[in-house]
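Colleague: Would you mind keeping the following structure in view while I ask a few things?
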Amino acid sequence: MTVTNSRRRTLAGTSFTAGRAWTVTLLLLAFMLLNFADKAVLGFAGVHIMTDLGLTPQQFGLLQSAFFWLFAAGAIVVGALTAKINVRWLLAAVMLVWILTMLPLLGPVSFTVLLTCRIVLGFAEGPAYALATHVVHSWFPPEKRALPAGIVTAGASMGPLFAAPVLTWVIVTWSWHAAFGVLIAAGAVWLVAWALLGKDAPEQELLSEESAAESEKALPPQAPYRVLLTTGTVAGIGLLTFFAYWATTLKIAWLPLYLSDGLGYDTITAGRLITIPYAVAAVAAISSGLLSNWLTARGVSRRITRGYLTGGLVVAAGLSMYFFTTIGAGPVQMVLITLAFSLNSAAYAVAFVAVGDLVNPKQRGTILGALVAFYSMAGVIAPLVLGHFVGQAADKATGYGQGFAITGILMAAGGLLAMFLVRPERDLIKITTRVEVSQ
């Protein structure tokens with residue numbers, strides 16, 4: 001089969017290729033679901049772990065923080081390896097490390113062992129979203145990537161939704177050790193399925209052909225990383241995802257406490273309300289991808305379908321966050337809270353699709369890893385900033401209100417700036433011109 005025929009078969013989309021592409025997409029959805037279940041299980045088992053190990057709140061807080069210590073490093077290191085190692089095997093290796101870090105937790109452990117396991121798990125989970133996005137991009141042509149990327153992103157919201165009731169039941173019925181056993185078993189099942197069904201993407205097969213010169217002409221050129229990282233599009237996506245992840249971190253770390261301590265909802269009600277933003281975020285991620293694909297297919301500029309769409313989502317989330325601090329508890333406020341913590345999640349997938357519009361596939365994994373490393377810093381900063389406001393205020397409700405209001409303003413400003421920076425068509429021309437001049 002010639003390269004030309006291969007391109008026609010793989011990128012035009014035969015029924016076989018389409019079926020395999022969507023199979024891989026669903027496997028990556030499950031991959032992200034497990035990724036966020038792994039993140040959340042420590043919170044579900046927090047009371048039991050603290051009791052069993054005799055931990056202080058400070059020690060438990062250290063465990064939660066330790067997860068992010070090497071998160072950015074993992075995203076950068078493993079992201080860079082995508083240029084040298086088949087991404088299919090990198091994903092399998094990442095899942096294997098996840099399983100290995102949880103094996104010691106099946107029985108009695110010390111605080112030191114648990115801490116070490118969380119640090120290593122954080123390193124291995126750092127590159128997860130970048131790798132999953134890189135793979136799903138390689139299975140679809142640029143104009144069709146936003147929807148499958150949105151489905152993969154939805155896994156991040158579906159993880160806590162599914163994991164919360166299942167793992168909580170396991171913890172209460174058996175033990176917190178058993179909860180890690182469930183995750184180990186689920187990870188092992190995924191690993192087997194990935195080994196059987198996770199074939200090399202058409203894009204990777206195409207690039208491995210000896211006569212790949214013809215196919216390279218249809219791809220963005222390889223450019224120095226300093227050139228790629230300083231384009232307006234990549235810089236804008238970095239800014240946008242940083243503030244989007246700021247809100248995501250607050251949803252995980254502080255929103256449950258805000259609903260109970262700040263707004264006065266009882267524990268059961270707060271537990272039910274917290275699931276709403278996650279559910280809406282999953283739907284919003286898929287819907288934004290579908291919308292971006294639909295607009296792109298109709299010839300709308302990618303400045304609009306990538307930049308305006310994603311920036312607008314973060315702006316809307318930021319404004320919703322600001323305004324929910326100005327009204328009292330009730331249905332209207334809960335609608336605004338839901339929008340504030342779900343629209344931001346919908347922006348990730350489409351924003352990362354813009355990277356694929358101007359970055360060569362051989363470099364895409366590295367750039368995506370660098371972006372994840374950058375925006376993960378918001379995961380370290382955001383909880384500390386809100387904690388400062390809550391701790392310094394005269395009462396908790398006031399502190400939460402001030403912290404969320406300032407976060408909303410920052411999100412709106414960052415999203416607005418990103419709307420003007422993300423211009424894939426313009427930046428692709430600039431990159432191509434610089435490469436041609438250098439040659």
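Labeling convention for the structure tokens: chains A, B, ... as they appear, residues from 1 per chain, ligands from 1 in order of appearance.
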What are the closest atom pairs, with distances in Å to one decimal, for each residue of range 114-177 of chain A lying within 9 Å of range 285-297 of chain A, using only C-alpha atoms, rows by chain and rising residue number, as a tab-separated table?
Modeller:
```
residue	atom	partner	partner_atom	distance
A:Glu143	CA	A:Asn293	CA	6.0
A:Lys144	CA	A:Asn293	CA	5.6
A:Arg145	CA	A:Asn293	CA	7.2
A:Ala146	CA	A:Gly289	CA	4.2
A:Leu147	CA	A:Gly289	CA	3.9
A:Pro148	CA	A:Gly289	CA	7.2
A:Ala149	CA	A:Gly289	CA	6.9
A:Gly150	CA	A:Ile286	CA	4.5
A:Ile151	CA	A:Ile286	CA	5.2
A:Val152	CA	A:Ile286	CA	8.5
A:Thr153	CA	A:Ala285	CA	6.5
A:Ala154	CA	A:Ala285	CA	5.7
```
Colleague: Determine which residues of range 6-147 of chain A DSSP labels as helix (DSSP H, G or I) from the backbone of this structure, then write them out as a tab-separated table (two decimals) with N, CA and C atoms, in the first residue's frame.
Modeller:
```tsv
chain	number	residue	atom	x	y	z
A	6	SER	N	-2.57	5.00	1.82
A	6	SER	CA	-2.70	4.92	3.28
A	6	SER	C	-3.38	6.16	3.82
A	7	ARG	N	-2.96	7.31	3.30
A	7	ARG	CA	-3.57	8.56	3.77
A	7	ARG	C	-5.04	8.59	3.42
A	8	ARG	N	-5.36	8.14	2.18
A	8	ARG	CA	-6.75	8.15	1.77
A	8	ARG	C	-7.58	7.23	2.67
A	9	ARG	N	-7.00	6.05	3.01
A	9	ARG	CA	-7.74	5.09	3.83
A	9	ARG	C	-7.90	5.59	5.25
A	10	THR	N	-6.83	6.13	5.84
A	10	THR	CA	-6.86	6.44	7.26
A	10	THR	C	-7.53	7.76	7.58
A	11	LEU	N	-7.24	8.79	6.79
A	11	LEU	CA	-7.75	10.10	7.15
A	11	LEU	C	-9.10	10.40	6.53
A	12	ALA	N	-9.42	9.76	5.42
A	12	ALA	CA	-10.76	9.95	4.88
A	12	ALA	C	-11.76	9.21	5.74
A	15	SER	N	-15.00	2.57	7.27
A	15	SER	CA	-15.78	2.12	8.42
A	15	SER	C	-14.89	1.43	9.44
A	16	PHE	N	-13.86	0.65	8.94
A	16	PHE	CA	-12.97	-0.04	9.87
A	16	PHE	C	-12.19	0.95	10.71
A	17	THR	N	-11.61	1.96	10.04
A	17	THR	CA	-10.82	2.95	10.74
A	17	THR	C	-11.69	3.75	11.71
A	18	ALA	N	-12.88	4.12	11.27
A	18	ALA	CA	-13.76	4.90	12.14
A	18	ALA	C	-14.13	4.09	13.38
A	19	GLY	N	-14.45	2.81	13.18
A	19	GLY	CA	-14.79	1.98	14.33
A	19	GLY	C	-13.64	1.84	15.30
A	20	ARG	N	-12.42	1.65	14.79
A	20	ARG	CA	-11.26	1.52	15.66
A	20	ARG	C	-10.98	2.86	16.36
A	21	ALA	N	-11.14	3.96	15.64
A	21	ALA	CA	-10.89	5.28	16.23
A	21	ALA	C	-11.81	5.52	17.43
A	22	TRP	N	-13.09	5.16	17.29
A	22	TRP	CA	-14.02	5.39	18.39
A	22	TRP	C	-13.82	4.38	19.51
A	23	THR	N	-13.32	3.20	19.20
A	23	THR	CA	-12.97	2.24	20.25
A	23	THR	C	-11.83	2.79	21.10
A	24	VAL	N	-10.81	3.33	20.43
A	24	VAL	CA	-9.69	3.94	21.15
A	24	VAL	C	-10.17	5.14	21.97
A	25	THR	N	-11.08	5.92	21.42
A	25	THR	CA	-11.61	7.08	22.14
A	25	THR	C	-12.31	6.65	23.43
A	26	LEU	N	-13.11	5.59	23.35
A	26	LEU	CA	-13.81	5.10	24.56
A	26	LEU	C	-12.82	4.53	25.57
A	27	LEU	N	-11.76	3.89	25.10
A	27	LEU	CA	-10.73	3.39	26.02
A	27	LEU	C	-10.03	4.55	26.71
A	28	LEU	N	-9.80	5.64	25.99
A	28	LEU	CA	-9.17	6.81	26.58
A	28	LEU	C	-10.13	7.51	27.55
A	29	LEU	N	-11.42	7.47	27.26
A	29	LEU	CA	-12.42	7.98	28.20
A	29	LEU	C	-12.31	7.21	29.52
A	30	ALA	N	-12.23	5.89	29.43
A	30	ALA	CA	-12.09	5.07	30.64
A	30	ALA	C	-10.76	5.35	31.34
A	31	PHE	N	-9.73	5.60	30.55
A	31	PHE	CA	-8.41	5.94	31.10
A	31	PHE	C	-8.49	7.19	31.96
A	32	MET	N	-9.15	8.23	31.45
A	32	MET	CA	-9.28	9.48	32.21
A	32	MET	C	-10.22	9.31	33.40
A	33	LEU	N	-11.23	8.47	33.25
A	33	LEU	CA	-12.13	8.19	34.36
A	33	LEU	C	-11.35	7.58	35.53
A	34	LEU	N	-10.50	6.60	35.23
A	34	LEU	CA	-9.68	5.98	36.27
A	34	LEU	C	-8.67	6.97	36.83
A	35	ASN	N	-8.16	7.84	35.96
A	35	ASN	CA	-7.20	8.85	36.40
A	35	ASN	C	-7.78	9.71	37.51
A	36	PHE	N	-9.01	10.16	37.34
A	36	PHE	CA	-9.61	11.03	38.35
A	36	PHE	C	-10.16	10.24	39.53
A	37	ALA	N	-10.52	8.98	39.31
A	37	ALA	CA	-10.91	8.14	40.43
A	37	ALA	C	-9.72	7.91	41.36
A	38	ASP	N	-8.54	7.70	40.78
A	38	ASP	CA	-7.32	7.55	41.57
A	38	ASP	C	-7.03	8.80	42.39
A	39	LYS	N	-7.26	9.96	41.76
A	39	LYS	CA	-7.04	11.22	42.48
A	39	LYS	C	-7.98	11.36	43.67
A	40	ALA	N	-9.24	10.97	43.47
A	40	ALA	CA	-10.29	11.26	44.44
A	40	ALA	C	-10.39	10.26	45.57
A	41	VAL	N	-9.85	9.05	45.42
A	41	VAL	CA	-10.09	7.99	46.40
A	41	VAL	C	-9.56	8.36	47.79
A	42	LEU	N	-8.47	9.11	47.84
A	42	LEU	CA	-7.92	9.49	49.14
A	42	LEU	C	-8.90	10.36	49.92
A	43	GLY	N	-9.63	11.21	49.20
A	43	GLY	CA	-10.62	12.05	49.86
A	43	GLY	C	-11.80	11.23	50.36
A	44	PHE	N	-12.24	10.26	49.56
A	44	PHE	CA	-13.36	9.42	49.98
A	44	PHE	C	-13.01	8.62	51.24
A	46	GLY	N	-10.68	9.46	53.46
A	46	GLY	CA	-9.91	10.30	54.37
A	46	GLY	C	-10.12	10.01	55.84
A	47	VAL	N	-11.37	9.93	56.28
A	47	VAL	CA	-11.66	9.71	57.69
A	47	VAL	C	-11.11	8.37	58.16
A	48	HIS	N	-11.31	7.34	57.35
A	48	HIS	CA	-10.85	5.99	57.71
A	48	HIS	C	-9.33	5.91	57.74
A	49	ILE	N	-8.67	6.57	56.78
A	49	ILE	CA	-7.21	6.56	56.75
A	49	ILE	C	-6.63	7.29	57.96
A	50	MET	N	-7.20	8.44	58.27
A	50	MET	CA	-6.71	9.21	59.42
A	50	MET	C	-6.88	8.42	60.72
A	51	THR	N	-8.00	7.71	60.83
A	51	THR	CA	-8.24	6.91	62.04
A	51	THR	C	-7.29	5.73	62.13
A	52	ASP	N	-7.14	5.00	61.03
A	52	ASP	CA	-6.30	3.80	61.02
A	52	ASP	C	-4.83	4.12	61.26
A	53	LEU	N	-4.35	5.21	60.66
A	53	LEU	CA	-2.93	5.54	60.77
A	53	LEU	C	-2.64	6.56	61.86
A	57	PRO	N	-4.70	16.29	60.97
A	57	PRO	CA	-5.16	16.97	59.77
A	57	PRO	C	-4.01	17.51	58.92
A	58	GLN	N	-2.94	17.96	59.59
A	58	GLN	CA	-1.78	18.48	58.86
A	58	GLN	C	-1.12	17.38	58.04
A	59	GLN	N	-1.01	16.18	58.61
A	59	GLN	CA	-0.41	15.07	57.88
A	59	GLN	C	-1.28	14.64	56.71
A	60	PHE	N	-2.59	14.65	56.92
A	60	PHE	CA	-3.48	14.28	55.82
A	60	PHE	C	-3.41	15.34	54.71
A	61	GLY	N	-3.31	16.60	55.09
A	61	GLY	CA	-3.14	17.67	54.10
A	61	GLY	C	-1.84	17.49	53.32
A	62	LEU	N	-0.80	17.00	54.00
A	62	LEU	CA	0.47	16.75	53.34
A	62	LEU	C	0.32	15.64	52.29
A	63	LEU	N	-0.46	14.62	52.62
A	63	LEU	CA	-0.72	13.55	51.66
A	63	LEU	C	-1.40	14.08	50.40
A	64	GLN	N	-2.38	14.95	50.60
A	64	GLN	CA	-3.10	15.51	49.46
A	64	GLN	C	-2.18	16.38	48.61
A	65	SER	N	-1.34	17.15	49.28
A	65	SER	CA	-0.42	18.04	48.57
A	65	SER	C	0.66	17.26	47.83
A	66	ALA	N	1.11	16.15	48.43
A	66	ALA	CA	2.21	15.37	47.86
A	66	ALA	C	1.91	14.87	46.46
A	71	PHE	N	3.92	16.27	39.81
A	71	PHE	CA	2.92	16.22	38.75
A	71	PHE	C	3.44	16.90	37.49
A	72	ALA	N	3.96	18.12	37.64
A	72	ALA	CA	4.46	18.87	36.49
A	72	ALA	C	5.68	18.19	35.89
A	73	ALA	N	6.55	17.66	36.75
A	73	ALA	CA	7.75	16.96	36.25
A	73	ALA	C	7.36	15.77	35.40
A	74	GLY	N	6.35	15.01	35.84
A	74	GLY	CA	5.89	13.86	35.08
A	74	GLY	C	5.35	14.27	33.72
A	75	ALA	N	4.59	15.38	33.71
A	75	ALA	CA	4.01	15.85	32.45
A	75	ALA	C	5.10	16.22	31.45
A	76	ILE	N	6.16	16.87	31.93
A	76	ILE	CA	7.24	17.30	31.04
A	76	ILE	C	8.08	16.11	30.56
A	77	VAL	N	8.50	15.27	31.51
A	77	VAL	CA	9.38	14.15	31.18
A	77	VAL	C	8.71	13.16	30.24
A	78	VAL	N	7.52	12.70	30.61
A	78	VAL	CA	6.83	11.71	29.79
A	78	VAL	C	6.36	12.34	28.48
A	79	GLY	N	5.95	13.61	28.53
A	79	GLY	CA	5.55	14.29	27.30
A	79	GLY	C	6.69	14.34	26.30
A	80	ALA	N	7.91	14.58	26.78
A	80	ALA	CA	9.07	14.62	25.89
A	80	ALA	C	9.36	13.25	25.28
A	81	LEU	N	9.04	12.20	26.01
A	81	LEU	CA	9.31	10.84	25.52
A	81	LEU	C	8.42	10.45	24.34
A	87	VAL	N	3.51	6.11	21.69
A	87	VAL	CA	2.61	6.60	22.73
A	87	VAL	C	1.72	5.48	23.26
A	88	ARG	N	1.41	4.53	22.42
A	88	ARG	CA	0.59	3.40	22.86
A	88	ARG	C	1.23	2.70	24.06
A	89	TRP	N	2.56	2.50	23.98
A	89	TRP	CA	3.25	1.82	25.07
A	89	TRP	C	3.48	2.74	26.26
A	90	LEU	N	3.60	4.04	26.00
A	90	LEU	CA	3.73	4.99	27.12
A	90	LEU	C	2.46	4.98	27.98
A	91	LEU	N	1.30	4.94	27.31
A	91	LEU	CA	0.04	4.89	28.05
A	91	LEU	C	-0.05	3.62	28.90
A	92	ALA	N	0.36	2.51	28.31
A	92	ALA	CA	0.33	1.25	29.05
A	92	ALA	C	1.28	1.29	30.24
A	93	ALA	N	2.46	1.89	30.05
A	93	ALA	CA	3.43	2.00	31.13
A	93	ALA	C	2.91	2.88	32.26
A	94	VAL	N	2.23	3.98	31.89
A	94	VAL	CA	1.66	4.87	32.90
A	94	VAL	C	0.63	4.13	33.74
A	95	MET	N	-0.26	3.38	33.08
A	95	MET	CA	-1.28	2.63	33.82
A	95	MET	C	-0.62	1.58	34.73
A	96	LEU	N	0.43	0.94	34.25
A	96	LEU	CA	1.13	-0.06	35.06
A	96	LEU	C	1.72	0.56	36.32
A	97	VAL	N	2.28	1.76	36.17
A	97	VAL	CA	2.83	2.45	37.35
A	97	VAL	C	1.72	2.80	38.34
A	98	TRP	N	0.56	3.24	37.80
A	98	TRP	CA	-0.58	3.52	38.70
A	98	TRP	C	-0.90	2.29	39.54
A	99	ILE	N	-0.99	1.15	38.87
A	99	ILE	CA	-1.32	-0.10	39.58
A	99	ILE	C	-0.27	-0.43	40.62
A	100	LEU	N	1.00	-0.29	40.26
A	100	LEU	CA	2.09	-0.63	41.18
A	100	LEU	C	2.11	0.28	42.40
A	101	THR	N	1.75	1.55	42.23
A	101	THR	CA	1.75	2.47	43.37
A	101	THR	C	0.63	2.17	44.36
A	102	MET	N	-0.42	1.47	43.89
A	102	MET	CA	-1.54	1.16	44.78
A	102	MET	C	-1.45	-0.23	45.41
A	103	LEU	N	-0.60	-1.09	44.86
A	103	LEU	CA	-0.46	-2.43	45.40
A	103	LEU	C	-0.06	-2.45	46.89
A	104	PRO	N	0.89	-1.60	47.32
A	104	PRO	CA	1.27	-1.61	48.74
A	104	PRO	C	0.12	-1.23	49.68
A	105	LEU	N	-0.92	-0.58	49.13
A	105	LEU	CA	-2.01	-0.07	49.96
A	105	LEU	C	-3.10	-1.10	50.19
A	106	LEU	N	-2.91	-2.30	49.68
A	106	LEU	CA	-3.89	-3.37	49.90
A	106	LEU	C	-3.86	-3.88	51.33
A	111	PHE	N	2.62	5.76	57.30
A	111	PHE	CA	2.42	7.06	56.69
A	111	PHE	C	3.46	7.31	55.60
A	112	THR	N	4.70	6.90	55.85
A	112	THR	CA	5.77	7.12	54.89
A	112	THR	C	5.52	6.38	53.59
A	113	VAL	N	5.06	5.15	53.68
A	113	VAL	CA	4.77	4.37	52.48
A	113	VAL	C	3.62	4.99	51.70
A	114	LEU	N	2.58	5.39	52.40
A	114	LEU	CA	1.44	6.02	51.74
A	114	LEU	C	1.86	7.32	51.07
A	115	LEU	N	2.67	8.10	51.74
A	115	LEU	CA	3.16	9.37	51.17
A	115	LEU	C	3.97	9.11	49.91
A	116	THR	N	4.87	8.13	49.97
A	116	THR	CA	5.70	7.81	48.81
A	116	THR	C	4.85	7.35	47.63
A	117	CYS	N	3.86	6.53	47.90
A	117	CYS	CA	2.98	6.04	46.84
A	117	CYS	C	2.24	7.19	46.17
A	118	ARG	N	1.79	8.17	46.94
A	118	ARG	CA	1.06	9.31	46.36
A	118	ARG	C	1.99	10.19	45.53
A	119	ILE	N	3.23	10.35	45.95
A	119	ILE	CA	4.18	11.15	45.18
A	119	ILE	C	4.44	10.50	43.83
A	120	VAL	N	4.71	9.19	43.84
A	120	VAL	CA	4.97	8.47	42.58
A	120	VAL	C	3.74	8.46	41.69
A	121	LEU	N	2.56	8.27	42.30
A	121	LEU	CA	1.32	8.29	41.52
A	121	LEU	C	1.13	9.65	40.86
A	122	GLY	N	1.42	10.73	41.58
A	122	GLY	CA	1.30	12.06	41.00
A	122	GLY	C	2.21	12.26	39.80
A	123	PHE	N	3.44	11.74	39.89
A	123	PHE	CA	4.37	11.82	38.76
A	123	PHE	C	3.80	11.07	37.55
A	124	ALA	N	3.24	9.89	37.79
A	124	ALA	CA	2.72	9.07	36.70
A	124	ALA	C	1.42	9.61	36.13
A	125	GLU	N	0.64	10.32	36.94
A	125	GLU	CA	-0.63	10.87	36.45
A	125	GLU	C	-0.47	12.24	35.82
A	128	ALA	N	-1.00	12.20	32.07
A	128	ALA	CA	-2.16	11.43	31.61
A	128	ALA	C	-2.99	12.17	30.58
A	129	TYR	N	-3.40	13.39	30.88
A	129	TYR	CA	-4.29	14.11	29.97
A	129	TYR	C	-3.59	14.45	28.67
A	130	ALA	N	-2.30	14.84	28.77
A	130	ALA	CA	-1.56	15.16	27.55
A	130	ALA	C	-1.42	13.93	26.65
A	131	LEU	N	-1.11	12.78	27.24
A	131	LEU	CA	-0.96	11.56	26.46
A	131	LEU	C	-2.29	11.15	25.81
A	132	ALA	N	-3.36	11.18	26.60
A	132	ALA	CA	-4.66	10.80	26.06
A	132	ALA	C	-5.09	11.72	24.92
A	133	THR	N	-4.85	13.01	25.09
A	133	THR	CA	-5.19	13.97	24.04
A	133	THR	C	-4.35	13.75	22.81
A	134	HIS	N	-3.06	13.52	23.00
A	134	HIS	CA	-2.15	13.27	21.89
A	134	HIS	C	-2.61	12.07	21.07
A	135	VAL	N	-3.00	11.00	21.75
A	135	VAL	CA	-3.44	9.79	21.06
A	135	VAL	C	-4.74	10.02	20.30
A	136	VAL	N	-5.72	10.64	20.95
A	136	VAL	CA	-7.01	10.82	20.28
A	136	VAL	C	-6.87	11.76	19.09
A	137	HIS	N	-5.96	12.73	19.17
A	137	HIS	CA	-5.72	13.61	18.02
A	137	HIS	C	-5.18	12.82	16.83
A	138	SER	N	-4.34	11.81	17.12
A	138	SER	CA	-3.70	11.08	16.04
A	138	SER	C	-4.67	10.16	15.29
A	142	PRO	N	-7.77	16.96	11.70
A	142	PRO	CA	-7.94	18.16	12.52
A	142	PRO	C	-9.37	18.67	12.65
A	143	GLU	N	-10.12	18.63	11.54
A	143	GLU	CA	-11.48	19.20	11.58
A	143	GLU	C	-12.47	18.33	12.35
A	144	LYS	N	-12.06	17.11	12.73
A	144	LYS	CA	-12.96	16.21	13.46
A	144	LYS	C	-12.47	15.86	14.86
A	146	ALA	N	-12.26	17.74	17.72
A	146	ALA	CA	-12.80	18.39	18.92
A	146	ALA	C	-13.80	17.51	19.66
A	147	LEU	N	-14.67	16.80	18.92
A	147	LEU	CA	-15.67	15.96	19.59
A	147	LEU	C	-15.03	14.79	20.35
```
Colleague: How many Å lie between CA of Ile171 in chain A and CA of Ala45 in chain A, rounded to one decimal?
Modeller: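 Straight-line distance from CA of Ile171 in chain A to CA of Ala45 in chain A works out to 6.8 Å.
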Colleague: What lies within 10 Å of Leu250 in chain A using only C-alpha atoms, ignoring chain neighbours under 2 positions off, as a ChimeraX atom specification?
Modeller: /A:245-248,252-256,258,341,378-379,382-384,386,404,407
Colleague: For range 389-422 of chain A against range 343-356 of chain A, with a cut-off of 10 Å and counting only C-alpha atoms, what is the closest atom pair and its distance in Å to one decimal for every residue that makes the cut, ordered by chain and number, as CSV?
Modeller:
```
residue,atom,partner,partner_atom,distance
A:Met411,CA,A:Asn344,CA,9.1
A:Gly415,CA,A:Asn344,CA,9.7
A:Val422,CA,A:Ala354,CA,8.0
```
